[in-house]
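Quick notes on the structure that follows.
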Amino acid sequence: MADNKRDCYEILEIDKNASEEEIKKAYRRMAKKYHPDSNPGDKVAEQKFKEVNEAYSILSDPDKKANYDRYGYSGVDPSAGGGGFGGGFSGGGFDMGDIFDMFGGMFGGGSSSRPNAPRQGDDAGIRLTIDFEEALFGCKKDISYSRVEKCAECGGSGAAKGTRASTCRKCNGTGRINTQRRTPFGMMQSVGACDECGGTGKKIDTPCRECRGTGLTRRNRQLEVNIPAGIDNGQRIVLHGQGDAGVNGGPNGDLVILIAVRPHKLFEREGFNLRFELPITFSDAALGAKVSIPTPDGSGELTIPEGTQTGTVFNVRGKGVPKLNGGGRGDLLVTVRVETPKGLSKKQKEFLEDLDDSCGDKNYPKRKAFNEKSRK
């Protein structure tokens with residue numbers, strides 16, 4: 001029977017070297033694609049949904065994944081037969097799966113997982129784009145996202161209203177079955193999940209129409225989120241308990257909000273500092289001036305000292321980004337660029353030539369130092 005099954009990696013459309021996070025993302029994508037809520041009445045999608053869940057149950061468990069990678073489905077199916085051990089142990093229906101089951105039963109590992117144990121739900125995630133000013137000073141945002149919730153129709157039981165799940169006859173409600181196998185060491189007994197009820201100990205004879213017996217449905221949800229002042233592009237906000245519903249009474253997962261900040265037309269952010277370039281005239285740089293500058297809080301004033309050189313950086317304290325821990329604000333860094341005038345009239349050119357002729361080395365100390373180094 002296992003020979004007719006599709007490869008787990010093929011089902012989830014991932015590479016065999018996929019990481020745990022990649023396996024989890026692939027499962028979410030494929031489960032959403034084939035979920036009965038999205039494909040009502042589609043038997044093919046329903047079958048693929050079951051395949052996706054089975055593939056994830058194998059690849060998300062390190063022990064099962066290791067067995068599957070070595071021996072395929074026979075390595076994770078307690079009822080599957082096998083070939084030889086290879087070389088040393090031939091015949092007798094013995095395969096490597098027996099070794100793992102045998103030592104798993106002895107030492108408490110392997111297939112002795114607890115399928116009915118409470119499990120936390122998966123995290124939900126969204127991307128939220130905000131303006132630069134909203135990131136700077138904080139804001140409140142209304143968001144909408146979808147998450148898996150307990151079915152309101154059946155209360156999460158998976159059974160139709162007026163009915164209830166029955167005790168699995170094969171395992172008598174334990175969710176586990178004993179299997180005896182012949183090994184080179186004699187008859188060995190192992191305990192595994194019941195293949196009739198999937199280890200739950202219960203069978204749903206009349207599934208709920210709303211959730212198709214899964215006990216879960218996907219619903220849209222709206223929330224108001226507080227965006228803290230000073231948050232940066234790429235940072236995350238985690239809302240605990242707002243993700244997918246847990247299993248077997250387990251807690252909900254979290255909602256992870258990835259923040260994307262639109263760039264500002266003028267300011268550039270460097271940590272908690274802001275930076276921008278300010279063009280000034282030749283006379284402002286030479287004679288000094290007081291100029292108006294923009295700040296996140298409105299207009300401000302910057303004093304340009306006499307003889308300021310292009311590229312000089314002025315630090316306006318406390319006009320940067322608020323710090324997330326409440327420890328004040330960063331600074332505003334203003335880099336001045338002396339703009340050379342263009343399109344001068346004849347009279348303006350003559351004025352500058354007279355000015356240049358009247359200036360000596362003392363007016364241009366950097367040029368003087370350069371010339372002296374050049375001569376040497």
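Chain labels run A, B, ... following the order of the structure tokens; each chain numbers its residues from 1, and ligands are numbered from 1 in the order shown.
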
Long-range neighbours of Glu134 of chain A as a PyMOL selection string, 12 Å cut-off, only C-alpha atoms, 5 positions minimum in chain: chain A and resi 128-129+139-141+226-233+259-264+296+321-322

Ile14 of chain A environment, 9 Å, only C-alpha atoms, sequence neighbours closer than 5 positions dropped, as a PyMOL selection string: chain A and resi 8-9+22-23+26

Might you pull out every residue within 6 Å of segment 197-210 of chain A, with only C-alpha atoms counted and same-chain residues fewer than 3 positions away left off, and present them as number ranges by chain? A: 115-116, 158-160, 165-168, 173-175, 193-194, 213

What separation in Å, quoted to one decimal, exists between atom CA of Ala117 of chain A and atom CA of Ala245 of chain A? 14.4 Å

With distances taken over only C-alpha atoms, which of A:Arg147, A:Ala135, A:Arg70, A:Lys33 is nearest to Gly234 of chain A? A:Ala135

Kindly give the distance, in Å, that separates atom CA of Val316 of chain A and atom CA of Leu302 of chain A, rounded to a single decimal.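 Going from atom CA of Val316 of chain A over to atom CA of Leu302 of chain A, I get 8.3 Å.
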
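The residue set within 10 Å of Gln309 of chain A, counting only C-alpha atoms and dropping same-chain residues fewer than 4 places from it, reads A:Phe282, A:Ala285, A:Ala286, A:Ile304, A:Pro305, A:Val313, A:Val336, A:Arg337, A:Val338.
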
File dump, residues just selected, C-alpha atoms, as a PDB file, in the first residue's frame:
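So out03.pdb came out as:
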```
ATOM      1  CA  PHE A 282      28.706  80.217  -1.093  1.00  0.00           C
ATOM      2  CA  ALA A 285      29.308  79.254   3.995  1.00  0.00           C
ATOM      3  CA  ALA A 286      31.824  82.101   3.784  1.00  0.00           C
ATOM      4  CA  ILE A 304      26.102  78.139  10.006  1.00  0.00           C
ATOM      5  CA  PRO A 305      29.432  79.487  11.318  1.00  0.00           C
ATOM      6  CA  VAL A 313      27.964  67.674   9.725  1.00  0.00           C
ATOM      7  CA  VAL A 336      25.812  70.906   4.502  1.00  0.00           C
ATOM      8  CA  ARG A 337      26.730  71.035   0.831  1.00  0.00           C
ATOM      9  CA  VAL A 338      28.006  74.324  -0.560  1.00  0.00           C
TER      10      VAL A 338
END
```

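Comparing the minimum interatomic distances between Ala152 of chain A and each of A:Leu59, A:Val76, A:Cys211, A:Val334, counting only C-alpha atoms, we find that A:Cys211 sits nearest.
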
Alpha helix (DSSP H) positions in segment 250-291 of chain A, given as JSON, numbers by chain: {"A": [282, 283, 284, 285, 286, 287]}

Enter the distance from atom CA of Cys151 of chain A to atom CA of Ile58 of chain A, in Å, rounded to one decimal.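 Those two atoms sit 25.5 Å apart.
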
Pick from A:Phe49, A:Tyr145, A:Tyr56, A:Phe351 nearest to Asp244 of chain A, counting only C-alpha atoms: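 Between A:Phe49, A:Tyr145, A:Tyr56, A:Phe351, the residue approaching Asp244 of chain A most closely is A:Tyr145.
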
Pick from A:Leu278, A:Arg6, A:Cys171, A:Pro118 nearest to Gly72 of chain A, counting only C-alpha atoms: A:Arg6

Please determine, counting only C-alpha atoms, which residue among A:Glu268, A:Glu133, A:Asp7, A:Asp356 has the shortest atom-to-atom distance to Tyr71 of chain A.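 When distances to Tyr71 of chain A are compared using only C-alpha atoms, the smallest one comes from A:Asp7.
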
Got a sec: who's within 7 Å of Leu223 of chain A, counting only C-alpha atoms, leaving out chain neighbours fewer than 4 positions off, as a PyMOL selection string? chain A and resi 142-144

Give the answer as one residue: which of A:Pro40, A:Arg219, A:Asn248, A:Ile126 has the shortest atom-to-atom distance to Ser157 of chain A, using only C-alpha atoms?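 Going through A:Pro40, A:Arg219, A:Asn248, A:Ile126 one by one, the smallest distance to Ser157 of chain A is for A:Asn248.
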